[in-house]
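A.B. asks: Sharing run23.cif, mmCIF, C-alpha atoms and all ligand atoms:
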```
data_work
loop_
_atom_site.label_atom_id
_atom_site.label_comp_id
_atom_site.auth_asym_id
_atom_site.auth_seq_id
_atom_site.Cartn_x
_atom_site.Cartn_y
_atom_site.Cartn_z
CA MET A 83 -27.03 -82.55 1.00
CA ARG A 84 -30.03 -81.31 2.87
CA GLU A 85 -28.18 -81.87 6.09
CA GLN A 86 -25.08 -80.26 4.72
CA LEU A 87 -27.08 -77.19 3.72
CA SER A 88 -28.77 -76.80 7.09
CA LYS A 89 -25.42 -77.20 8.80
CA ILE A 90 -23.98 -74.48 6.60
CA ARG A 91 -26.93 -72.23 7.42
CA GLU A 92 -26.65 -72.83 11.14
CA GLU A 93 -22.90 -72.35 11.20
CA ALA A 94 -23.09 -69.18 9.09
CA LEU A 95 -25.88 -67.58 11.11
CA VAL A 96 -24.06 -68.18 14.41
CA ALA A 97 -20.77 -66.85 13.03
CA VAL A 98 -22.36 -63.75 11.49
CA LYS A 99 -24.22 -62.97 14.69
CA ALA A 100 -21.01 -63.23 16.71
CA ALA A 101 -18.99 -61.03 14.37
CA THR A 102 -17.68 -57.81 15.91
CA ALA A 103 -16.07 -56.11 12.94
CA LEU A 104 -17.06 -55.30 9.37
CA SER A 105 -13.92 -57.03 8.11
CA GLU A 106 -14.99 -60.22 9.82
CA ILE A 107 -18.40 -60.06 8.12
CA GLU A 108 -16.70 -59.74 4.76
CA GLU A 109 -14.60 -62.83 5.45
CA LEU A 110 -17.74 -64.76 6.33
CA ARG A 111 -19.48 -63.61 3.15
CA VAL A 112 -16.59 -64.93 1.06
CA LYS A 113 -16.46 -68.16 3.03
CA PHE A 114 -20.18 -69.00 2.65
CA LEU A 115 -21.51 -67.07 -0.35
CA GLY A 116 -18.40 -66.40 -2.43
CA LYS A 117 -17.77 -68.01 -5.85
CA LYS A 118 -15.70 -70.70 -4.19
CA GLY A 119 -17.79 -70.60 -1.04
CA GLU A 120 -19.64 -73.43 0.67
CA VAL A 121 -23.08 -72.78 -0.81
CA SER A 122 -21.64 -72.52 -4.31
CA SER A 123 -19.84 -75.81 -3.92
CA ILE A 124 -23.18 -77.50 -3.10
CA LEU A 125 -24.82 -75.88 -6.14
CA LYS A 126 -22.01 -77.24 -8.31
CA GLN A 127 -22.96 -80.75 -7.28
CA LEU A 128 -26.63 -80.39 -8.35
CA GLY A 129 -25.87 -81.92 -11.74
CA GLY A 130 -25.25 -85.29 -10.11
CA LEU A 131 -28.73 -85.43 -8.52
CA SER A 132 -31.86 -87.05 -9.81
CA ALA A 133 -34.38 -84.99 -11.72
CA GLU A 134 -36.79 -84.96 -8.73
CA GLU A 135 -34.21 -84.01 -6.16
CA ARG A 136 -32.44 -81.34 -8.21
CA PRO A 137 -35.13 -78.58 -7.93
CA VAL A 138 -35.79 -79.35 -4.28
CA ILE A 139 -32.16 -79.09 -3.24
CA GLY A 140 -31.68 -76.14 -5.60
CA GLN A 141 -34.52 -74.28 -3.93
CA LEU A 142 -33.23 -75.12 -0.48
CA ALA A 143 -29.75 -73.91 -1.40
CA ASN A 144 -31.24 -70.61 -2.62
CA GLU A 145 -33.16 -70.24 0.63
CA VAL A 146 -29.99 -70.87 2.65
CA ARG A 147 -28.14 -68.32 0.57
CA ALA A 148 -30.94 -65.77 1.07
CA ASP A 149 -30.99 -66.38 4.83
CA ILE A 150 -27.23 -65.94 5.15
CA ASP A 151 -27.37 -62.86 2.96
CA ALA A 152 -30.09 -61.32 5.14
CA ALA A 153 -28.13 -62.11 8.30
CA ILE A 154 -25.05 -60.48 6.82
CA SER A 155 -26.82 -57.26 5.94
CA ASP A 156 -28.45 -57.15 9.40
CA ALA A 157 -25.04 -57.60 11.01
CA LYS A 158 -23.55 -54.89 8.81
CA LYS A 159 -26.26 -52.45 9.84
CA ARG A 160 -25.77 -53.36 13.48
CA LEU A 161 -22.00 -52.84 13.33
CA GLU A 162 -22.31 -49.56 11.45
CA ALA A 163 -24.80 -48.25 13.99
CA ASP A 164 -22.49 -49.33 16.82
CA ALA A 165 -19.58 -47.51 15.23
CA LEU A 166 -21.64 -44.34 14.82
CA ASN A 167 -22.85 -44.48 18.42
CA GLN A 168 -19.33 -44.93 19.67
CA LYS A 169 -18.15 -41.97 17.61
CA LEU A 170 -21.01 -39.80 18.86
CA ALA A 171 -20.33 -40.77 22.46
CA ALA A 172 -16.65 -39.93 22.06
CA GLU A 173 -17.42 -36.56 20.50
CA LYS A 174 -20.09 -35.58 22.95
CA LEU A 175 -19.87 -31.91 23.89
CA ASP A 176 -20.92 -30.56 27.21
CA ILE A 177 -22.36 -27.26 26.08
CA THR A 178 -22.95 -26.19 29.67
CA MET A 179 -19.20 -26.10 30.37
CA PRO A 180 -17.81 -22.59 30.87
CA GLY A 181 -15.84 -21.35 27.81
CA LYS A 182 -12.11 -20.76 27.64
CA SER A 183 -11.51 -17.11 26.86
CA GLY A 184 -8.78 -16.45 24.28
CA LYS A 185 -6.05 -13.91 24.93
CA ILE A 186 -6.83 -10.54 23.44
CA GLY A 187 -3.87 -8.73 21.91
CA GLY A 188 -3.11 -5.09 22.51
CA LEU A 189 -1.28 -2.25 20.87
CA HIS A 190 2.44 -1.94 21.49
CA PRO A 191 3.08 1.21 23.57
CA ILE A 192 5.03 2.71 20.66
CA ASN A 193 1.99 2.29 18.44
CA THR A 194 -0.32 3.85 21.04
CA VAL A 195 1.93 6.90 21.18
CA LEU A 196 2.22 6.92 17.38
CA ASN A 197 -1.57 6.83 16.94
CA ASP A 198 -1.98 9.72 19.39
CA MET A 199 0.63 11.74 17.50
CA ILE A 200 -1.00 11.07 14.15
CA ASP A 201 -4.36 12.20 15.56
CA ILE A 202 -2.84 15.44 16.82
CA PHE A 203 -1.11 16.30 13.57
CA GLN A 204 -4.06 15.28 11.42
CA SER A 205 -6.25 17.61 13.48
CA MET A 206 -3.85 20.41 12.45
CA GLY A 207 -4.23 19.50 8.78
CA PHE A 208 -1.11 17.36 8.25
CA ASP A 209 -1.13 14.40 5.84
CA VAL A 210 0.59 11.17 6.88
CA VAL A 211 3.13 9.91 4.32
CA ASP A 212 5.32 6.83 4.21
CA GLY A 213 8.90 6.38 3.07
CA PRO A 214 11.27 3.45 2.46
CA GLU A 215 13.53 2.12 5.23
CA VAL A 216 16.22 1.35 2.67
CA GLU A 217 17.21 4.72 1.26
CA THR A 218 19.72 6.10 -1.17
CA ASP A 219 22.55 8.33 -0.02
CA TYR A 220 20.93 11.14 -1.98
CA TYR A 221 17.63 11.24 -0.03
CA ASN A 222 19.12 10.49 3.37
CA PHE A 223 22.07 12.92 3.15
CA GLU A 224 22.94 14.62 -0.12
CA ALA A 225 19.67 16.43 -0.80
CA LEU A 226 19.44 17.33 2.89
CA ASN A 227 22.51 19.51 2.52
CA VAL A 228 24.87 16.85 3.86
CA PRO A 229 27.32 16.21 1.00
CA ALA A 230 29.80 13.32 1.08
CA ASP A 231 32.62 14.03 3.56
CA HIS A 232 30.55 16.63 5.38
CA PRO A 233 31.48 16.38 9.09
CA ALA A 234 27.78 16.22 10.01
CA ARG A 235 27.75 12.65 8.70
CA ASP A 236 29.56 11.73 11.91
CA MET A 237 26.44 12.71 13.86
CA GLN A 238 24.75 9.57 12.54
CA ASP A 239 26.60 6.24 12.40
CA THR A 240 25.19 4.72 9.27
CA PHE A 241 24.52 1.14 8.20
CA TYR A 242 25.56 1.11 4.54
CA LEU A 243 24.20 -1.65 2.29
CA SER A 244 26.37 -0.53 -0.65
CA ASP A 245 28.14 2.69 -1.67
CA ASN A 246 24.82 4.22 -2.51
CA LEU A 247 22.24 2.32 -0.44
CA LEU A 248 21.80 2.56 3.33
CA LEU A 249 19.28 2.00 6.11
CA ARG A 250 17.78 5.44 6.66
CA THR A 251 19.27 7.15 9.70
CA GLN A 252 16.45 9.69 9.90
CA THR A 253 12.92 10.10 8.61
CA SER A 254 14.11 13.45 7.21
CA ALA A 255 14.57 11.62 3.89
CA ALA A 256 10.77 11.87 3.62
CA GLN A 257 11.06 15.67 3.33
CA ILE A 258 12.89 15.32 0.03
CA ARG A 259 10.62 12.59 -1.31
CA THR A 260 7.61 14.76 -0.49
CA MET A 261 8.95 18.01 -1.96
CA LYS A 262 9.97 16.18 -5.15
CA THR A 263 6.42 14.95 -5.70
CA ARG A 264 4.20 17.65 -4.17
CA LYS A 265 4.28 21.39 -4.51
CA PRO A 266 3.50 23.88 -1.70
CA PRO A 267 1.42 24.27 0.34
CA ILE A 268 2.88 21.12 1.98
CA ARG A 269 1.97 19.84 5.44
CA ILE A 270 3.05 16.26 6.14
CA VAL A 271 4.28 13.97 8.88
CA CYS A 272 6.19 10.76 8.17
CA PRO A 273 6.53 8.24 10.99
CA GLY A 274 8.80 5.21 10.79
CA ARG A 275 11.76 3.17 11.93
CA VAL A 276 15.28 4.51 11.59
CA PHE A 277 18.63 2.78 12.02
CA ARG A 278 22.02 3.73 13.42
CA ALA A 279 25.08 1.68 14.29
CA ASP A 280 24.84 2.53 17.99
CA GLU A 281 25.84 0.32 20.90
CA VAL A 282 22.78 -1.06 22.68
CA ASP A 283 22.20 0.23 26.20
CA ALA A 284 19.32 1.45 28.37
CA THR A 285 18.83 4.58 26.24
CA HIS A 286 20.20 3.51 22.83
CA SER A 287 19.05 1.00 20.27
CA PRO A 288 20.25 0.51 16.68
CA VAL A 289 16.59 0.64 15.65
CA PHE A 290 14.33 3.38 16.88
CA HIS A 291 11.34 5.45 15.79
CA GLN A 292 10.94 8.99 14.54
CA MET A 293 8.23 11.15 13.12
CA GLU A 294 9.27 13.76 10.63
CA GLY A 295 7.20 16.87 10.09
CA LEU A 296 7.39 19.33 7.21
CA VAL A 297 5.46 22.50 6.38
CA VAL A 298 6.26 24.55 3.29
CA ASP A 299 4.21 27.52 2.11
CA LYS A 300 4.47 31.25 1.49
CA GLY A 301 5.26 33.23 4.64
CA VAL A 302 5.91 30.31 7.03
CA THR A 303 7.90 31.50 10.07
CA MET A 304 9.56 30.19 13.20
CA CYS A 305 6.49 31.38 15.13
CA ASP A 306 4.39 28.87 13.21
CA LEU A 307 6.85 26.16 14.21
CA LEU A 308 6.59 27.16 17.86
CA GLY A 309 2.80 27.26 17.67
CA VAL A 310 2.53 23.78 16.15
CA LEU A 311 4.98 22.28 18.64
CA GLU A 312 3.25 23.93 21.62
CA LYS A 313 -0.08 22.55 20.48
CA PHE A 314 1.54 19.12 20.09
CA ALA A 315 3.17 19.24 23.56
CA HIS A 316 -0.08 20.35 25.22
CA GLU A 317 -2.00 17.49 23.64
CA ILE A 318 0.61 14.90 24.58
CA TYR A 319 1.67 16.09 28.05
CA GLY A 320 -1.15 18.36 29.20
CA PRO A 321 -2.03 22.06 28.77
CA GLU A 322 0.33 23.33 31.49
CA THR A 323 3.39 22.02 29.58
CA LYS A 324 5.97 24.63 28.58
CA VAL A 325 8.03 24.43 25.39
CA LYS A 326 11.56 25.80 25.03
CA PHE A 327 13.77 26.30 21.97
CA ARG A 328 17.54 25.88 22.33
CA PRO A 329 19.84 26.91 19.47
CA SER A 330 21.37 23.89 17.78
CA PHE A 331 22.74 22.72 14.45
CA PHE A 332 21.32 20.54 11.73
CA PRO A 333 22.62 20.84 8.16
CA PHE A 334 19.12 20.84 6.67
CA THR A 335 17.70 23.70 8.76
CA GLU A 336 18.76 27.28 9.38
CA PRO A 337 18.27 28.34 12.09
CA SER A 338 18.13 25.00 13.92
CA VAL A 339 16.80 24.32 17.38
CA GLU A 340 16.42 21.53 19.85
CA VAL A 341 13.12 21.53 21.63
CA ASP A 342 12.57 20.78 25.30
CA VAL A 343 9.28 20.37 27.15
CA SER A 344 8.84 20.96 30.86
CA CYS A 345 9.03 17.63 32.71
CA SER A 346 5.53 16.18 33.02
CA GLU A 347 6.63 14.12 36.01
CA CYS A 348 7.74 16.95 38.34
CA GLY A 349 6.22 19.94 36.53
CA GLY A 350 9.69 21.44 36.04
CA LYS A 351 11.03 21.25 39.59
CA GLY A 352 13.60 18.58 38.73
CA CYS A 353 13.35 14.84 39.30
CA ARG A 354 14.85 11.51 38.26
CA VAL A 355 12.97 11.45 34.93
CA CYS A 356 14.38 14.84 33.81
CA LYS A 357 17.70 14.22 35.56
CA GLY A 358 17.10 17.20 37.81
CA THR A 359 16.90 19.74 34.96
CA GLY A 360 13.12 20.20 34.83
CA TRP A 361 13.21 19.77 31.03
CA ILE A 362 13.05 16.85 28.61
CA GLU A 363 14.40 17.08 25.08
CA ILE A 364 11.91 15.65 22.61
CA LEU A 365 12.90 16.80 19.14
CA GLY A 366 15.07 18.67 16.69
CA ALA A 367 13.63 21.29 14.36
CA GLY A 368 14.30 24.41 12.35
CA MET A 369 13.54 26.44 9.25
CA VAL A 370 14.14 24.42 6.08
CA HIS A 371 17.54 25.37 4.61
CA PRO A 372 17.35 27.19 1.24
CA ASN A 373 19.68 24.55 -0.25
CA VAL A 374 17.15 21.84 0.63
CA LEU A 375 14.30 23.77 -1.00
CA ARG A 376 16.45 24.38 -4.05
CA ALA A 377 17.36 20.67 -4.33
CA CYS A 378 13.62 20.05 -4.68
CA ASP A 379 13.01 22.84 -7.21
CA ILE A 380 11.18 25.04 -4.72
CA ASP A 381 12.20 28.69 -4.88
CA PRO A 382 13.43 29.84 -1.43
CA GLU A 383 12.74 33.45 -2.42
CA VAL A 384 9.04 32.61 -2.66
CA TYR A 385 8.53 29.81 -0.16
CA SER A 386 9.74 29.04 3.33
CA GLY A 387 9.15 26.12 5.61
CA PHE A 388 9.88 24.47 8.90
CA ALA A 389 10.71 20.87 9.71
CA PHE A 390 10.99 18.78 12.82
CA GLY A 391 11.96 15.24 13.80
CA ILE A 392 10.42 13.75 16.94
CA GLY A 393 11.87 10.69 18.66
CA LEU A 394 9.03 8.34 19.61
CA ASP A 395 10.99 6.05 21.89
CA ARG A 396 11.86 8.69 24.49
CA LEU A 397 8.29 9.96 24.39
CA THR A 398 7.02 6.45 25.05
CA THR A 399 9.46 5.62 27.84
CA THR A 400 8.73 8.85 29.71
CA ARG A 401 4.97 8.53 29.27
CA TYR A 402 4.86 4.98 30.60
CA LYS A 403 7.82 5.32 32.99
CA ILE A 404 9.74 2.57 31.20
CA SER A 405 13.28 2.57 32.52
CA ASP A 406 15.01 0.75 29.67
CA ILE A 407 14.46 1.34 25.96
CA ARG A 408 15.41 -2.28 25.21
CA LEU A 409 12.08 -3.41 26.68
CA LEU A 410 10.35 -1.79 23.71
CA PHE A 411 12.14 -4.08 21.28
CA GLU A 412 12.25 -7.42 23.10
CA ASN A 413 8.52 -8.08 22.70
CA ASP A 414 8.33 -9.99 25.97
CA ILE A 415 4.64 -10.72 26.44
CA ARG A 416 4.90 -10.21 30.22
CA PHE A 417 6.07 -6.65 29.58
CA LEU A 418 3.64 -5.88 26.76
CA GLU A 419 0.64 -7.18 28.70
CA GLN A 420 0.94 -4.26 31.09
CA PHE A 421 -0.28 -1.74 28.52
N1 LIG O 1 16.82 14.21 11.54
C1 LIG O 1 17.25 14.73 12.82
C2 LIG O 1 17.85 13.59 13.64
O1 LIG O 1 17.57 12.47 13.36
C3 LIG O 1 16.10 15.33 13.57
C4 LIG O 1 15.64 16.58 12.92
C5 LIG O 1 16.19 17.77 13.27
C6 LIG O 1 14.67 16.56 11.93
C7 LIG O 1 15.81 18.95 12.68
C8 LIG O 1 14.27 17.73 11.32
C9 LIG O 1 14.85 18.92 11.72
O2 LIG O 1 13.35 17.77 10.38
O3 LIG O 1 14.44 20.06 11.15
O4 LIG O 1 18.57 13.84 14.53
#
```
Let's see the structure in the file written out as C-alpha cells.

C.D. replies:
Amino acid sequence: MREQLSKIREEALVAVKAATALSEIEELRVKFLGKKGEVSSILKQLGGLSAEERPVIGQLANEVRADIDAAISDAKKRLEADALNQKLAAEKLDITMPGKSGKIGGLHPINTVLNDMIDIFQSMGFDVVDGPEVETDYYNFEALNVPADHPARDMQDTFYLSDNLLLRTQTSAAQIRTMKTRKPPIRIVCPGRVFRADEVDATHSPVFHQMEGLVVDKGVTMCDLLGVLEKFAHEIYGPETKVKFRPSFFPFTEPSVEVDVSCSECGGKGCRVCKGTGWIEILGAGMVHPNVLRACDIDPEVYSGFAFGIGLDRLTTTRYKISDIRLLFENDIRFLEQF
C-alpha cells in the first residue's frame, strides 16, 4: 500500500503539473481525491490492516492527499494567472497612437437660414410659435376666408387625409390659431413644413418650408409691413437690397402683394439667378382681411394687421447657389457636408 500511495502521489503530481486547462485540473481532482478516487479507495482498505500498520498508512494517505491538494491549488493559481496575462496582452492599448476623429455633424442649410430668420424677427419683437402639420379644413382654409368651393382652393393642390383633415398647405393656418388664443397686440412668426400635391422637379417639391408672419394692433398700416420686410431683406441679403411690392391676390389679405427683392447675385442688372429680371420673388403678404379678423373675434373697426408668408427653400437655394431644390430633401451626406 505504501508503494501504491507513493505511485499515486507521483502520478498525480506529474499530471497536475502538466495540465494546461482548469477543466483538466478538475478531472484530476476527481480522479485522485474524489469520493470514488484513488486515495479514497486506499483509505477504504485500511480496515483490513493490522492495528500497527493502520495509523501509519492512514497518516501517509493523508499526507499524499494534502500534497496532491496543494499541487492542485498551485496549478489553479498558475492557470488563472496565465489566463489573466493573456487577456491583458490581448487588450493592450497603445495610448501613444493618434486618435481617430469622429465626424462632426452640421446644420442643414434650411436650418441655418431658418435660424437667421428667427434671429431677425426676434430682434424686431416677434414671438416664434408652432402649429400642427396635420390641420383641419377650418384653420387651413375656411377661417382664412377660403370657403369650400372657393376658386382660390385651386391655387394649392391639397393632400386630404379625410373630408376635414389635411396636410397644411400653408403656415397661414398659424394666424388663426394665434388670433384665437392671443389678443392684440400680436407679433408672431411661425416656421414649418407645408405640403402640396405638386410634381417634383428642380424648383418644386411636395414638401417645402414657409415662415408665416402676423402683426395685429391698433393703427397697423402697409407702411409697417414694408418697413419690417425691408429690414428683413437688408439683414438677409445686405443693406443695399431693394424691396418691391407687386399687387397680387390672396383671399386672406386685402390689399395683397407679392414681394420681390433686388437680385443679390447681380445687384439688379439681370443674371441667371434672377432669370434676367434683376428681381427675385421671396414672399406673399398683405393687410389681414376683415373677414379673417372677424373669424377670430377681433374687431376690424378697432384693429388692423399685416401678414406675410416667406418661402424658405428659394431663399436657401439662392443664398447657397443650389441649382436643384431636390438636393435639400435627399439628405445626401456628400451634399450636406459642403455647408
Ligand atoms: N400662404 C400663402 C402661400 O402659401 C403665402 C402668404 C401670402 C401668406 C400672403 C400670408 C399672406 O400671410 O399675407 O402662398

A.B. asks: How many Å lie between CA of Tyr220 (chain A) and CA of Gln204 (chain A), rounded to one decimal?

C.D. replies: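 Computing it gives 28.7 Å between the two atoms.
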
A.B. asks: What do you get as a list in words if you pick all residues at most 7 Å from ligand LIG 1 (chain O), counting all atoms listed in the file?

C.D. replies: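 What falls inside 7 Å of ligand LIG 1 (chain O) is Thr251, Gln252, Thr253, Ser254, Glu294, Gly295, Leu296, Phe332, Phe334, Thr335, Ser338, Leu365, Gly366, Ala367, Gly368, Met369, Val370, Phe388, Ala389, Phe390, Gly391 and Ile392 of chain A.
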
A.B. asks: Skip Thr218 (chain A) itself and residues of its chain fewer than 2 positions away, then list as a PyMOL selection string all residues within 6 Å of it, counting only C-alpha atoms.

C.D. replies: chain A and resi 220-221+246-247

A.B. asks: Please work out which residues fall within 9 Å of (7.3, 18.0, 34.7), coordinates as given in the file, with all atoms listed in the file counting, and return them as number ranges by chain.

C.D. replies: A: 319, 323, 343-353, 355-356, 360-362

A.B. asks: Per residue of region 136-213 of chain A within 12 Å of region 302-315 of chain A, record the nearest atom pair and its distance in Å to one decimal, counting all atoms listed in the file, with rows in chain order and ascending residue number, as JSON lines.

C.D. replies:
```
{"residue": "A:Asp198", "atom": "CA", "partner": "A:Phe314", "partner_atom": "CA", "distance": 10.1}
{"residue": "A:Met199", "atom": "CA", "partner": "A:Phe314", "partner_atom": "CA", "distance": 7.9}
{"residue": "A:Ile200", "atom": "CA", "partner": "A:Phe314", "partner_atom": "CA", "distance": 10.3}
{"residue": "A:Asp201", "atom": "CA", "partner": "A:Phe314", "partner_atom": "CA", "distance": 10.2}
{"residue": "A:Ile202", "atom": "CA", "partner": "A:Phe314", "partner_atom": "CA", "distance": 6.6}
{"residue": "A:Phe203", "atom": "CA", "partner": "A:Phe314", "partner_atom": "CA", "distance": 7.6}
{"residue": "A:Gln204", "atom": "CA", "partner": "A:Phe314", "partner_atom": "CA", "distance": 11.0}
{"residue": "A:Ser205", "atom": "CA", "partner": "A:Phe314", "partner_atom": "CA", "distance": 10.3}
{"residue": "A:Met206", "atom": "CA", "partner": "A:Val310", "partner_atom": "CA", "distance": 8.1}
{"residue": "A:Gly207", "atom": "CA", "partner": "A:Val310", "partner_atom": "CA", "distance": 10.9}
{"residue": "A:Phe208", "atom": "CA", "partner": "A:Val310", "partner_atom": "CA", "distance": 10.8}
```

A.B. asks: One decimal, Å: what's the distance from CA of Gln238 (chain A) over to CA of Ala284 (chain A), could you say?

C.D. replies: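 A separation of 18.6 Å between them.
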
A.B. asks: Please provide the set of residues having any atom within 12 Å of region 136-146 of chain A, restricted to only C-alpha atoms, with same-chain residues fewer than 6 positions apart removed, written as a list in words.

C.D. replies: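 Contacts, in chain order: Met83, Arg84, Glu85, Gln86, Leu87, Ser88, Lys89, Ile90, Arg91, Glu92, Glu93, Ala94, Leu95, Phe114, Leu115, Glu120, Val121, Ser122, Ser123, Ile124, Leu125, Lys126, Gln127, Leu128, Gly129, Gly130, Ala152 and Ala153 of chain A.
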
A.B. asks: Write out as a list of chain:residue names the residues lying within 10 Å of Thr399 (chain A), counting all atoms listed in the file and excluding same-chain residues fewer than 3 positions away.

C.D. replies: A:Pro191, A:Ile192, A:Thr285, A:Val355, A:Leu394, A:Asp395, A:Arg396, A:Tyr402, A:Lys403, A:Ile404, A:Ser405, A:Asp406, A:Ile407, A:Leu409, A:Leu410

A.B. asks: What is the CA of Ile268 (chain A) to CA of Val325 (chain A) distance in Å?

C.D. replies: 24.2 Å

A.B. asks: Let me have the centre and edge lengths in Å, one decimal, of the box along x, y and z around every listed atom of region 353-356 of chain A with 5 Å of margin on each side, as lines of an AutoDock Vina configuration file.

C.D. replies:
```
center_x = 13.9
center_y = 13.1
center_z = 36.6
size_x = 11.9
size_y = 13.4
size_z = 15.5
```

A.B. asks: Using all atoms listed in the file, pick whichever of A:Glu419, A:Leu226, A:Thr194, A:Val289 has the shortest atom-to-atom distance to Thr240 (chain A).

C.D. replies: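 Selected residue with least distance to Thr240 (chain A): A:Val289.
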
A.B. asks: Between A:Leu175, A:Ile150, A:Val96, A:Val339, which one has atoms that come closest to Val112 (chain A), using all atoms listed in the file?

C.D. replies: A:Ile150

A.B. asks: For a quick check of understanding, using only C-alpha atoms, which of A:Gly119, A:Gly301, A:Gly181, A:Gly188 has the smallest distance to Leu418 (chain A)?

C.D. replies: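 Ranked by minimum distance to Leu418 (chain A), first place goes to A:Gly188.
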
A.B. asks: Determine, counting all atoms listed in the file, which protein, DNA and RNA residues have an atom within 10 Å of an atom of Val384 (chain A); residues of the same chain fewer than 3 positions away are not included. Present the result as a VMD selection string.

C.D. replies: chain A and resid 299 to 301 380 to 381

A.B. asks: Nearest to Ile270 (chain A): which of A:Val282, A:Asp239, A:Asp209, A:Ala103 is it, counting all atoms listed in the file?

C.D. replies: A:Asp209

A.B. asks: Please determine, counting all atoms listed in the file, which residue among A:Lys326, A:Pro321, A:Asn222, A:Val211 has the shortest atom-to-atom distance to Val271 (chain A).

C.D. replies: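 Result for the nearest residue to Val271 (chain A): A:Val211.
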
A.B. asks: For Leu375 (chain A), which residue among A:Arg278, A:Glu317, A:Pro266, A:Arg401 is the nearest when counting only C-alpha atoms?

C.D. replies: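 When distances to Leu375 (chain A) are compared using only C-alpha atoms, the smallest one comes from A:Pro266.
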
A.B. asks: Mind filling out region 130-142 of chain A with N, CA, C and O atoms and sending it as an mmCIF file, in the coordinates of the input?

C.D. replies:
```cif
data_model
loop_
_atom_site.group_PDB
_atom_site.id
_atom_site.type_symbol
_atom_site.label_atom_id
_atom_site.label_comp_id
_atom_site.auth_asym_id
_atom_site.auth_seq_id
_atom_site.Cartn_x
_atom_site.Cartn_y
_atom_site.Cartn_z
ATOM 1 N N GLY A 130 -25.308 -83.848 -10.392
ATOM 2 C CA GLY A 130 -25.250 -85.290 -10.110
ATOM 3 C C GLY A 130 -26.515 -85.834 -9.463
ATOM 4 O O GLY A 130 -26.609 -87.016 -9.172
ATOM 5 N N LEU A 131 -27.523 -84.978 -9.227
ATOM 6 C CA LEU A 131 -28.730 -85.430 -8.520
ATOM 7 C C LEU A 131 -29.796 -85.901 -9.506
ATOM 8 O O LEU A 131 -29.759 -85.579 -10.689
ATOM 9 N N SER A 132 -30.759 -86.583 -8.948
ATOM 10 C CA SER A 132 -31.860 -87.050 -9.810
ATOM 11 C C SER A 132 -32.747 -85.873 -10.176
ATOM 12 O O SER A 132 -32.708 -84.829 -9.526
ATOM 13 N N ALA A 133 -33.540 -86.069 -11.221
ATOM 14 C CA ALA A 133 -34.380 -84.990 -11.720
ATOM 15 C C ALA A 133 -35.371 -84.504 -10.676
ATOM 16 O O ALA A 133 -35.723 -83.333 -10.630
ATOM 17 N N GLU A 134 -35.838 -85.405 -9.754
ATOM 18 C CA GLU A 134 -36.790 -84.960 -8.730
ATOM 19 C C GLU A 134 -36.082 -84.148 -7.649
ATOM 20 O O GLU A 134 -36.590 -83.150 -7.168
ATOM 21 N N GLU A 135 -34.909 -84.664 -7.297
ATOM 22 C CA GLU A 135 -34.210 -84.010 -6.160
ATOM 23 C C GLU A 135 -33.629 -82.654 -6.552
ATOM 24 O O GLU A 135 -33.553 -81.741 -5.724
ATOM 25 N N ARG A 136 -33.179 -82.531 -7.792
ATOM 26 C CA ARG A 136 -32.440 -81.340 -8.210
ATOM 27 C C ARG A 136 -33.168 -80.012 -7.865
ATOM 28 O O ARG A 136 -32.614 -79.165 -7.183
ATOM 29 N N PRO A 137 -34.478 -79.869 -8.265
ATOM 30 C CA PRO A 137 -35.130 -78.580 -7.930
ATOM 31 C C PRO A 137 -35.336 -78.389 -6.429
ATOM 32 O O PRO A 137 -35.248 -77.265 -5.931
ATOM 33 N N VAL A 138 -35.549 -79.473 -5.723
ATOM 34 C CA VAL A 138 -35.790 -79.350 -4.280
ATOM 35 C C VAL A 138 -34.537 -78.823 -3.578
ATOM 36 O O VAL A 138 -34.576 -77.848 -2.827
ATOM 37 N N ILE A 139 -33.417 -79.504 -3.879
ATOM 38 C CA ILE A 139 -32.160 -79.090 -3.240
ATOM 39 C C ILE A 139 -31.766 -77.692 -3.722
ATOM 40 O O ILE A 139 -31.330 -76.826 -2.961
ATOM 41 N N GLY A 140 -32.012 -77.480 -5.052
ATOM 42 C CA GLY A 140 -31.680 -76.140 -5.600
ATOM 43 C C GLY A 140 -32.420 -75.048 -4.855
ATOM 44 O O GLY A 140 -31.854 -74.045 -4.466
ATOM 45 N N GLN A 141 -33.728 -75.294 -4.620
ATOM 46 C CA GLN A 141 -34.520 -74.280 -3.930
ATOM 47 C C GLN A 141 -34.022 -74.080 -2.505
ATOM 48 O O GLN A 141 -33.867 -72.946 -2.036
ATOM 49 N N LEU A 142 -33.721 -75.205 -1.868
ATOM 50 C CA LEU A 142 -33.230 -75.120 -0.480
ATOM 51 C C LEU A 142 -31.931 -74.311 -0.420
ATOM 52 O O LEU A 142 -31.747 -73.435 0.435
#
```
